[in-house]
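**Q** Just one file: my_file.cif, with mmCIF, C-alpha atoms.
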```
data_upload
loop_
_atom_site.group_PDB
_atom_site.id
_atom_site.type_symbol
_atom_site.label_atom_id
_atom_site.label_comp_id
_atom_site.auth_asym_id
_atom_site.auth_seq_id
_atom_site.Cartn_x
_atom_site.Cartn_y
_atom_site.Cartn_z
ATOM 1 C CA MET A 1 199.016 205.342 116.624
ATOM 2 C CA LYS A 2 199.485 206.273 112.974
ATOM 3 C CA GLU A 3 196.461 206.358 110.688
ATOM 4 C CA ALA A 4 196.417 204.408 107.413
ATOM 5 C CA ILE A 5 197.358 206.749 104.566
ATOM 6 C CA ALA A 6 194.913 207.025 101.652
ATOM 7 C CA MET A 7 196.710 206.270 98.369
ATOM 8 C CA PRO A 8 195.821 207.343 94.815
ATOM 9 C CA GLY A 9 195.134 203.678 93.989
ATOM 10 C CA GLY A 10 192.014 203.733 96.181
ATOM 11 C CA VAL A 11 193.641 201.500 98.766
ATOM 12 C CA HIS A 12 195.357 202.143 102.076
ATOM 13 C CA ALA A 13 199.082 202.393 102.590
ATOM 14 C CA GLU A 14 201.126 200.729 105.268
ATOM 15 C CA PRO A 15 202.176 203.775 107.365
ATOM 16 C CA GLY A 16 205.862 202.861 107.564
ATOM 17 C CA MET A 17 206.392 201.907 103.931
ATOM 18 C CA ARG A 18 203.907 204.326 102.355
ATOM 19 C CA ILE A 19 202.834 201.702 99.836
ATOM 20 C CA TYR A 20 199.524 199.867 100.000
ATOM 21 C CA ASN A 21 199.351 196.558 101.836
ATOM 22 C CA GLN A 22 198.830 194.259 98.838
ATOM 23 C CA LYS A 23 201.882 195.674 97.080
ATOM 24 C CA LEU A 24 203.966 195.451 100.256
ATOM 25 C CA GLY A 25 202.812 191.852 100.699
ATOM 26 C CA MET A 26 203.739 190.977 97.128
ATOM 27 C CA TRP A 27 207.232 192.461 97.502
ATOM 28 C CA VAL A 28 207.813 190.497 100.724
ATOM 29 C CA PHE A 29 206.557 187.335 98.996
ATOM 30 C CA LEU A 30 208.859 187.971 96.014
ATOM 31 C CA ALA A 31 211.799 188.447 98.393
ATOM 32 C CA SER A 32 211.088 184.961 99.781
ATOM 33 C CA GLU A 33 210.807 183.640 96.221
ATOM 34 C CA VAL A 34 214.293 184.977 95.439
ATOM 35 C CA MET A 35 215.662 182.729 98.183
ATOM 36 C CA PHE A 36 213.530 179.775 97.003
ATOM 37 C CA PHE A 37 214.981 179.905 93.492
ATOM 38 C CA THR A 38 218.466 180.694 94.801
ATOM 39 C CA GLY A 39 218.233 177.478 96.838
ATOM 40 C CA LEU A 40 217.456 175.553 93.660
ATOM 41 C CA ILE A 41 220.294 177.247 91.772
ATOM 42 C CA GLY A 42 222.689 176.547 94.675
ATOM 43 C CA ALA A 43 221.734 172.860 94.652
ATOM 44 C CA TYR A 44 222.201 172.803 90.859
ATOM 45 C CA ILE A 45 225.713 174.284 91.186
ATOM 46 C CA ILE A 46 226.673 171.679 93.802
ATOM 47 C CA LEU A 47 225.338 168.779 91.729
ATOM 48 C CA ARG A 48 226.659 169.986 88.394
ATOM 49 C CA PHE A 49 230.179 170.979 89.396
ATOM 50 C CA GLY A 50 230.439 167.952 91.647
ATOM 51 C CA ALA A 51 229.469 165.676 88.759
ATOM 52 C CA GLY A 52 232.290 166.738 86.420
ATOM 53 C CA ASP A 53 231.258 166.163 82.770
ATOM 54 C CA TRP A 54 228.075 167.841 81.610
ATOM 55 C CA ALA A 55 226.153 168.015 78.315
ATOM 56 C CA LEU A 56 226.931 171.332 76.593
ATOM 57 C CA PRO A 57 225.266 173.320 73.800
ATOM 58 C CA GLY A 58 227.085 173.696 70.477
ATOM 59 C CA ILE A 59 228.159 170.025 70.497
ATOM 60 C CA PRO A 60 226.239 167.274 68.622
ATOM 61 C CA LEU A 61 224.174 164.998 70.894
ATOM 62 C CA GLU A 62 226.171 161.942 69.765
ATOM 63 C CA GLU A 63 229.369 163.597 71.050
ATOM 64 C CA GLY A 64 227.903 164.418 74.466
ATOM 65 C CA GLY A 65 225.952 167.555 73.572
ATOM 66 C CA THR A 66 222.779 168.723 75.261
ATOM 67 C CA PRO A 67 219.519 166.924 74.435
ATOM 68 C CA LEU A 68 217.598 170.171 75.096
ATOM 69 C CA ALA A 69 215.997 172.103 72.238
ATOM 70 C CA ILE A 70 217.687 175.463 72.762
ATOM 71 C CA ASN A 71 216.156 177.265 69.767
ATOM 72 C CA LEU A 72 212.619 176.280 70.788
ATOM 73 C CA THR A 73 213.238 177.446 74.357
ATOM 74 C CA ALA A 74 214.838 180.670 73.123
ATOM 75 C CA PHE A 75 211.579 181.309 71.242
ATOM 76 C CA ASN A 76 209.643 180.497 74.423
ATOM 77 C CA THR A 77 211.837 182.957 76.340
ATOM 78 C CA PHE A 78 210.958 185.556 73.712
ATOM 79 C CA MET A 79 207.248 184.802 74.299
ATOM 80 C CA LEU A 80 207.608 185.361 78.040
ATOM 81 C CA ILE A 81 209.475 188.633 77.458
ATOM 82 C CA CYS A 82 206.635 189.715 75.125
ATOM 83 C CA SER A 83 204.114 188.863 77.861
ATOM 84 C CA SER A 84 205.983 191.168 80.237
ATOM 85 C CA VAL A 85 205.557 194.000 77.729
ATOM 86 C CA THR A 86 201.820 193.361 77.388
ATOM 87 C CA MET A 87 201.527 193.220 81.187
ATOM 88 C CA VAL A 88 203.312 196.513 81.739
ATOM 89 C CA LYS A 89 201.306 198.100 78.911
ATOM 90 C CA ALA A 90 198.089 196.919 80.609
ATOM 91 C CA PHE A 91 199.213 198.665 83.786
ATOM 92 C CA ALA A 92 200.177 201.809 81.854
ATOM 93 C CA ALA A 93 196.785 201.756 80.112
ATOM 94 C CA ILE A 94 194.725 201.682 83.318
ATOM 95 C CA GLU A 95 196.948 204.360 84.844
ATOM 96 C CA HIS A 96 195.542 206.575 82.100
ATOM 97 C CA GLY A 97 192.012 205.206 82.533
ATOM 98 C CA ASP A 98 192.165 203.311 79.219
ATOM 99 C CA GLN A 99 189.793 200.363 79.840
ATOM 100 C CA ARG A 100 190.060 199.006 76.282
ATOM 101 C CA GLY A 101 193.854 199.011 76.431
ATOM 102 C CA LEU A 102 193.802 197.298 79.840
ATOM 103 C CA ARG A 103 191.541 194.472 78.616
ATOM 104 C CA LEU A 104 193.409 194.032 75.331
ATOM 105 C CA PHE A 105 196.866 193.876 76.922
ATOM 106 C CA LEU A 106 195.692 191.616 79.770
ATOM 107 C CA LEU A 107 194.210 189.216 77.214
ATOM 108 C CA GLY A 108 197.513 189.303 75.328
ATOM 109 C CA THR A 109 199.377 188.467 78.542
ATOM 110 C CA VAL A 110 197.080 185.505 79.260
ATOM 111 C CA VAL A 111 197.510 184.166 75.709
ATOM 112 C CA LEU A 112 201.313 184.558 75.749
ATOM 113 C CA GLY A 113 201.611 183.061 79.245
ATOM 114 C CA ALA A 114 199.427 180.087 78.315
ATOM 115 C CA ALA A 115 201.471 179.637 75.123
ATOM 116 C CA PHE A 116 204.672 179.556 77.213
ATOM 117 C CA VAL A 117 203.232 176.785 79.404
ATOM 118 C CA GLY A 118 201.972 174.949 76.307
ATOM 119 C CA ILE A 119 205.396 175.028 74.647
ATOM 120 C CA GLN A 120 207.018 173.848 77.876
ATOM 121 C CA ILE A 121 204.613 170.888 78.047
ATOM 122 C CA PHE A 122 205.374 170.132 74.364
ATOM 123 C CA GLU A 123 209.102 170.256 75.187
ATOM 124 C CA TYR A 124 208.614 167.853 78.137
ATOM 125 C CA ILE A 125 206.641 165.397 75.966
ATOM 126 C CA LYS A 126 209.314 165.546 73.238
ATOM 127 C CA LEU A 127 212.160 165.038 75.711
ATOM 128 C CA THR A 128 210.481 162.153 77.546
ATOM 129 C CA HIS A 129 209.796 160.406 74.206
ATOM 130 C CA GLU A 130 213.507 160.741 73.428
ATOM 131 C CA GLY A 131 214.306 159.106 76.781
ATOM 132 C CA PHE A 132 215.423 162.259 78.606
ATOM 133 C CA LEU A 133 213.888 161.691 82.041
ATOM 134 C CA PRO A 134 215.045 162.137 85.642
ATOM 135 C CA ALA A 135 216.110 158.517 85.149
ATOM 136 C CA CYS A 136 217.516 158.563 81.607
ATOM 137 C CA SER A 137 216.907 155.830 79.046
ATOM 138 C CA ALA A 138 219.812 153.414 78.611
ATOM 139 C CA GLU A 139 220.580 154.711 75.079
ATOM 140 C CA LEU A 140 220.686 158.353 76.145
ATOM 141 C CA ALA A 141 222.644 157.549 79.319
ATOM 142 C CA GLU A 142 225.447 156.199 77.108
ATOM 143 C CA ILE A 143 225.962 159.446 75.195
ATOM 144 C CA VAL A 144 224.822 162.214 77.595
ATOM 145 C CA PRO A 145 227.241 162.665 80.510
ATOM 146 C CA ASN A 146 225.542 162.401 83.919
ATOM 147 C CA CYS A 147 222.231 162.137 82.076
ATOM 148 C CA GLY A 148 220.136 161.211 85.138
ATOM 149 C CA LEU A 149 221.500 164.081 87.203
ATOM 150 C CA PHE A 150 221.048 166.481 84.291
ATOM 151 C CA GLY A 151 217.452 165.270 83.874
ATOM 152 C CA SER A 152 216.624 165.578 87.570
ATOM 153 C CA THR A 153 217.970 169.113 87.911
ATOM 154 C CA PHE A 154 216.416 170.175 84.607
ATOM 155 C CA TYR A 155 212.907 168.968 85.486
ATOM 156 C CA VAL A 156 213.014 170.295 89.065
ATOM 157 C CA MET A 157 214.148 173.800 88.080
ATOM 158 C CA THR A 158 212.033 174.241 84.956
ATOM 159 C CA GLY A 159 209.098 172.416 86.595
ATOM 160 C CA PHE A 160 208.971 174.727 89.594
ATOM 161 C CA HIS A 161 209.209 177.719 87.284
ATOM 162 C CA GLY A 162 206.492 176.295 85.023
ATOM 163 C CA ALA A 163 204.254 175.865 88.073
ATOM 164 C CA HIS A 164 204.814 179.521 88.932
ATOM 165 C CA VAL A 165 203.893 180.572 85.375
ATOM 166 C CA SER A 166 200.778 178.356 85.449
ATOM 167 C CA ILE A 167 199.629 179.896 88.750
ATOM 168 C CA GLY A 168 200.360 183.316 87.228
ATOM 169 C CA VAL A 169 198.208 182.509 84.185
ATOM 170 C CA PHE A 170 195.261 181.471 86.397
ATOM 171 C CA CYS A 171 195.612 184.643 88.483
ATOM 172 C CA MET A 172 195.891 186.683 85.276
ATOM 173 C CA ILE A 173 192.667 185.130 83.954
ATOM 174 C CA TRP A 174 190.975 186.170 87.202
ATOM 175 C CA VAL A 175 192.300 189.745 86.893
ATOM 176 C CA THR A 176 191.268 189.846 83.210
ATOM 177 C CA VAL A 177 187.716 188.723 84.041
ATOM 178 C CA LYS A 178 187.570 191.448 86.696
ATOM 179 C CA ALA A 179 188.890 193.970 84.157
ATOM 180 C CA PHE A 180 186.106 193.017 81.703
ATOM 181 C CA ARG A 181 183.601 193.555 84.534
ATOM 182 C CA GLY A 182 185.015 197.051 85.027
ATOM 183 C CA ALA A 183 186.559 196.414 88.441
ATOM 184 C CA TYR A 184 189.628 198.571 87.747
ATOM 185 C CA THR A 185 189.683 202.305 87.252
ATOM 186 C CA LYS A 186 192.272 205.051 86.861
ATOM 187 C CA GLU A 187 191.972 205.622 90.612
ATOM 188 C CA ASN A 188 191.764 201.982 91.754
ATOM 189 C CA HIS A 189 193.949 199.432 89.959
ATOM 190 C CA GLY A 190 196.111 197.910 92.695
ATOM 191 C CA GLY A 191 195.235 194.371 91.553
ATOM 192 C CA VAL A 192 196.739 194.989 88.129
ATOM 193 C CA GLU A 193 199.967 196.326 89.608
ATOM 194 C CA VAL A 194 200.321 193.464 92.121
ATOM 195 C CA ILE A 195 199.755 190.658 89.574
ATOM 196 C CA GLY A 196 202.110 192.565 87.262
ATOM 197 C CA LEU A 197 204.906 192.443 89.862
ATOM 198 C CA TYR A 198 204.475 188.669 90.181
ATOM 199 C CA TRP A 199 204.414 188.212 86.416
ATOM 200 C CA HIS A 200 207.571 190.243 85.799
ATOM 201 C CA PHE A 201 209.333 188.358 88.594
ATOM 202 C CA VAL A 202 208.472 185.053 86.921
ATOM 203 C CA ASP A 203 209.890 186.462 83.667
ATOM 204 C CA LEU A 204 213.037 187.636 85.483
ATOM 205 C CA VAL A 205 213.585 184.190 87.028
ATOM 206 C CA TRP A 206 213.171 182.509 83.636
ATOM 207 C CA ILE A 207 215.794 184.828 82.110
ATOM 208 C CA LEU A 208 218.273 183.515 84.692
ATOM 209 C CA LEU A 209 217.151 179.864 84.510
ATOM 210 C CA PHE A 210 217.310 179.827 80.701
ATOM 211 C CA THR A 211 220.953 180.877 80.849
ATOM 212 C CA ILE A 212 221.898 178.555 83.714
ATOM 213 C CA VAL A 213 220.048 175.402 82.614
ATOM 214 C CA TYR A 214 220.104 175.659 78.807
ATOM 215 C CA LEU A 215 223.077 177.778 77.764
ATOM 216 C CA ILE A 216 225.875 177.178 80.259
ATOM 217 C CA MET B 1 200.902 203.468 92.426
ATOM 218 C CA GLU B 2 202.172 206.546 94.128
ATOM 219 C CA SER B 3 205.406 206.038 92.274
ATOM 220 C CA ALA B 4 203.657 205.327 89.010
ATOM 221 C CA GLU B 5 202.088 208.750 89.047
ATOM 222 C CA GLN B 6 205.354 210.447 89.784
ATOM 223 C CA LYS B 7 207.395 208.634 87.186
ATOM 224 C CA GLN B 8 207.843 209.312 83.519
ATOM 225 C CA GLN B 9 206.518 206.649 81.186
ATOM 226 C CA PRO B 10 209.488 204.355 80.490
ATOM 227 C CA ARG B 11 210.188 203.284 76.919
ATOM 228 C CA TYR B 12 208.666 199.824 77.311
ATOM 229 C CA TYR B 13 209.060 198.789 73.649
ATOM 230 C CA PHE B 14 212.700 199.884 73.568
ATOM 231 C CA ILE B 15 213.390 197.737 76.656
ATOM 232 C CA TRP B 16 211.544 194.834 74.968
ATOM 233 C CA PHE B 17 213.712 195.261 71.844
ATOM 234 C CA LEU B 18 216.862 195.363 73.993
ATOM 235 C CA LEU B 19 215.786 192.171 75.805
ATOM 236 C CA LEU B 20 215.149 190.489 72.454
ATOM 237 C CA VAL B 21 218.564 191.482 71.089
ATOM 238 C CA LEU B 22 220.342 190.376 74.292
ATOM 239 C CA THR B 23 218.541 186.990 74.163
ATOM 240 C CA MET B 24 219.692 186.499 70.560
ATOM 241 C CA VAL B 25 223.248 187.445 71.510
ATOM 242 C CA GLU B 26 223.113 185.004 74.443
ATOM 243 C CA VAL B 27 221.995 182.080 72.279
ATOM 244 C CA GLY B 28 224.667 182.955 69.713
ATOM 245 C CA VAL B 29 227.390 183.138 72.370
ATOM 246 C CA ALA B 30 226.306 179.766 73.847
ATOM 247 C CA TYR B 31 227.189 178.064 70.552
ATOM 248 C CA LEU B 32 230.742 179.486 70.523
ATOM 249 C CA SER B 33 232.148 176.259 71.940
ATOM 250 C CA HIS B 34 235.745 177.198 71.012
ATOM 251 C CA LEU B 35 235.772 180.048 73.575
ATOM 252 C CA PRO B 36 237.388 179.347 76.978
ATOM 253 C CA ARG B 37 234.684 177.846 79.199
ATOM 254 C CA THR B 38 235.144 180.315 82.090
ATOM 255 C CA LEU B 39 234.926 183.314 79.747
ATOM 256 C CA LEU B 40 231.815 181.872 78.108
ATOM 257 C CA ILE B 41 230.095 181.381 81.492
ATOM 258 C CA LEU B 42 231.039 184.900 82.651
ATOM 259 C CA VAL B 43 229.676 186.480 79.444
ATOM 260 C CA LEU B 44 226.432 184.476 79.583
ATOM 261 C CA VAL B 45 225.834 185.177 83.280
ATOM 262 C CA GLY B 46 226.639 188.867 82.707
ATOM 263 C CA LEU B 47 224.101 189.080 79.864
ATOM 264 C CA ALA B 48 221.457 187.277 81.971
ATOM 265 C CA ILE B 49 221.996 189.645 84.914
ATOM 266 C CA TRP B 50 221.786 192.629 82.537
ATOM 267 C CA LYS B 51 218.444 191.358 81.190
ATOM 268 C CA ALA B 52 217.076 190.589 84.670
ATOM 269 C CA THR B 53 218.088 194.079 85.842
ATOM 270 C CA LEU B 54 216.263 195.682 82.894
ATOM 271 C CA VAL B 55 213.072 193.795 83.803
ATOM 272 C CA ALA B 56 213.333 194.765 87.475
ATOM 273 C CA MET B 57 214.183 198.418 86.797
ATOM 274 C CA TYR B 58 211.724 199.222 84.004
ATOM 275 C CA TYR B 59 208.918 196.629 84.048
ATOM 276 C CA MET B 60 208.752 196.258 87.834
ATOM 277 C CA HIS B 61 209.358 200.018 88.049
ATOM 278 C CA LEU B 62 212.098 199.729 90.690
ATOM 279 C CA LYS B 63 213.937 202.592 88.978
ATOM 280 C CA PHE B 64 211.032 204.859 89.891
ATOM 281 C CA GLU B 65 210.193 203.491 93.350
ATOM 282 C CA ARG B 66 210.887 205.023 96.746
ATOM 283 C CA LEU B 67 214.178 204.046 98.363
ATOM 284 C CA ARG B 68 212.428 201.958 101.047
ATOM 285 C CA VAL B 69 210.717 199.810 98.379
ATOM 286 C CA ILE B 70 214.013 199.390 96.512
ATOM 287 C CA LEU B 71 215.661 198.283 99.770
ATOM 288 C CA LEU B 72 212.841 195.804 100.459
ATOM 289 C CA ALA B 73 213.024 194.395 96.931
ATOM 290 C CA THR B 74 216.798 194.046 96.896
ATOM 291 C CA ALA B 75 217.166 192.808 100.506
ATOM 292 C CA PRO B 76 217.487 189.107 99.566
ATOM 293 C CA ILE B 77 220.022 189.726 96.777
ATOM 294 C CA PRO B 78 223.122 189.913 99.045
ATOM 295 C CA LEU B 79 221.952 186.666 100.706
ATOM 296 C CA ALA B 80 221.465 185.050 97.303
ATOM 297 C CA ILE B 81 224.954 186.154 96.216
ATOM 298 C CA ILE B 82 226.473 184.757 99.441
ATOM 299 C CA LEU B 83 224.715 181.411 98.885
ATOM 300 C CA VAL B 84 225.804 181.110 95.239
ATOM 301 C CA LEU B 85 229.385 182.291 95.878
ATOM 302 C CA GLY B 86 229.586 179.987 98.900
ATOM 303 C CA VAL B 87 228.819 176.881 96.864
ATOM 304 C CA LEU B 88 230.931 178.057 93.916
ATOM 305 C CA LEU B 89 233.970 178.594 96.146
ATOM 306 C CA GLU B 90 233.634 174.971 97.233
ATOM 307 C CA TYR B 91 234.570 173.961 93.687
ATOM 308 C CA ALA B 92 237.094 176.709 93.017
ATOM 309 C CA GLN B 93 239.520 175.144 95.485
#
```
So, in terms of structure tokens, how does the structure I just supplied come out?
**A**
Amino acid sequence: MKEAIAMPGGVHAEPGMRIYNQKLGMWVFLASEVMFFTGLIGAYIILRFGAGDWALPGIPLEEGGTPLAINLTAFNTFMLICSSVTMVKAFAAIEHGDQRGLRLFLLGTVVLGAAFVGIQIFEYIKLTHEGFLPACSAELAEIVPNCGLFGSTFYVMTGFHGAHVSIGVFCMIWVTVKAFRGAYTKENHGGVEVIGLYWHFVDLVWILLFTIVYLI
Amino acid sequence: MESAEQKQQPRYYFIWFLLLVLTMVEVGVAYLSHLPRTLLILVLVGLAIWKATLVAMYYMHLKFERLRVILLATAPIPLAIILVLGVLLEYAQ
């Protein structure tokens, strides 16, 4: 029987993969998440192309354009991309034993992630006040093609992603608290890498969802 | 982390700047409503895949990982492509 291999991160590697168990587990989980979001995207394609007319960007709302605030969401996308940079910089910092850099960049990631969720909630409130719901208001249903279907798919896809970001923010707060307590060192920082993988995946999924839901 | 110690430090801020520029280009392209719809969709999906690949390669460090980790990470992608193409072909007929 093979022995567990000691890794530089202060944790033990899975003998076959030669990466530590938490990282292996996260990659397997992310592989399952790929199929989860692909399922949602597949359902969206079926519903959208089956429906025919759809609200498009670049067209005024009165003429059947999208009710979504694309510029606001583009800014939110930018925020999430920025949070990926702070996350990867936090990881790079602890790789060099830089505790101050780790704490600073993790805090930045928490703030940017929370801001993303906050802007998404603001967007939801704004849209629901305008009557854009899974069951559209009568006024909006007259001008937005397949408004109810558009609303349902929009809230399901962005809602599931928002839930992932929210869970990520809570986990990030936990990792940040641990970082302030000095739990991570140059030799032992697997937790930072694993939460980082999740966070970047959430960013990656949003990049695709932003294009599919808002721009196409 | 074994890979992290072996790799060079990627240019994280350059990748961030590239992602920012590509996002701006994407939003700009989305408003070009006079372009043929199919071309518009292909360009936007292409830009999104480019951005997603940059995140996976440089921020998730797949570019610097061992082959077995890359294979594990990319294993569901062919299945995802089959699923998406399968439903798209339904409407291409």
**Q** May I have a table of the residues of chain B lying at most 6 Å from chain A, giving each one's closest pair of atoms and their distance in Å to one decimal, counting only C-alpha atoms, ordered by chain and ascending residue number, as a tab-separated table?
**A**
```
residue	atom	partner	partner_atom	distance
B:Met1	CA	A:Gly9	CA	6.0
B:Ala30	CA	A:Leu215	CA	5.5
B:Tyr31	CA	A:Gly58	CA	4.4
B:Ser33	CA	A:Gly58	CA	5.9
B:Ala48	CA	A:Leu208	CA	5.6
B:Ala52	CA	A:Leu204	CA	5.1
B:Met60	CA	A:Leu197	CA	5.8
B:Pro76	CA	A:Ala31	CA	5.8
B:Ala80	CA	A:Thr38	CA	5.9
B:Val84	CA	A:Gly42	CA	5.6
```
**Q** Set up a box along x, y and z of the file covering all listed atoms of stretch 48-60 of chain B, add 6 Å on every one of the six sides, and write the centre and edge lengths in Å to one decimal, as JSON.
**A**
```
{"center_x": 215.4, "center_y": 193.2, "center_z": 84.5, "size_x": 25.2, "size_y": 23.9, "size_z": 18.6}
```
**Q** Given the PyMOL selection byres ((chain A and resi 163) around 12) and the file above, list the residues it selects as a PyMOL selection string.
**A** chain A and resi 113-114+116-117+120-121+155-162+164-170+202+206
**Q** Rank A:Glu139, A:Ile119, A:Gly25, A:Gly191 by their smallest atom-to-atom distance to A:Trp174, using only C-alpha atoms, and report the top residue only.
**A** A:Gly191
**Q** What does the distance between atom CA of A:Val192 and atom CA of A:Ala179 come to in Å, to one decimal place?
**A**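 About the pair atom CA of A:Val192 and atom CA of A:Ala179: they are 8.9 Å apart.
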**Q** Within 8 Å of (230.6, 184.2, 76.5), only C-alpha atoms: residues as a count of residues only?
**A** 11
**Q** So that I can check the surroundings of stretch 142-147 of chain A, please list as a ChimeraX atom specification every protein, DNA and RNA residue that reaches within 8 Å of it, counting only C-alpha atoms and ignoring chain neighbours fewer than 2 positions away.
**A** /A:51,53-55,61-67,132,135-136,138-140,149-151
**Q** Atom CA of B:Leu22 and atom CA of B:Leu54, how far apart in Å?
**A** 10.9 Å
**Q** Calculate how many Å separate atom CA of B:Val55 from atom CA of A:Val175, rounding to one decimal.
**A**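 Between these atoms lies a distance of 21.4 Å.
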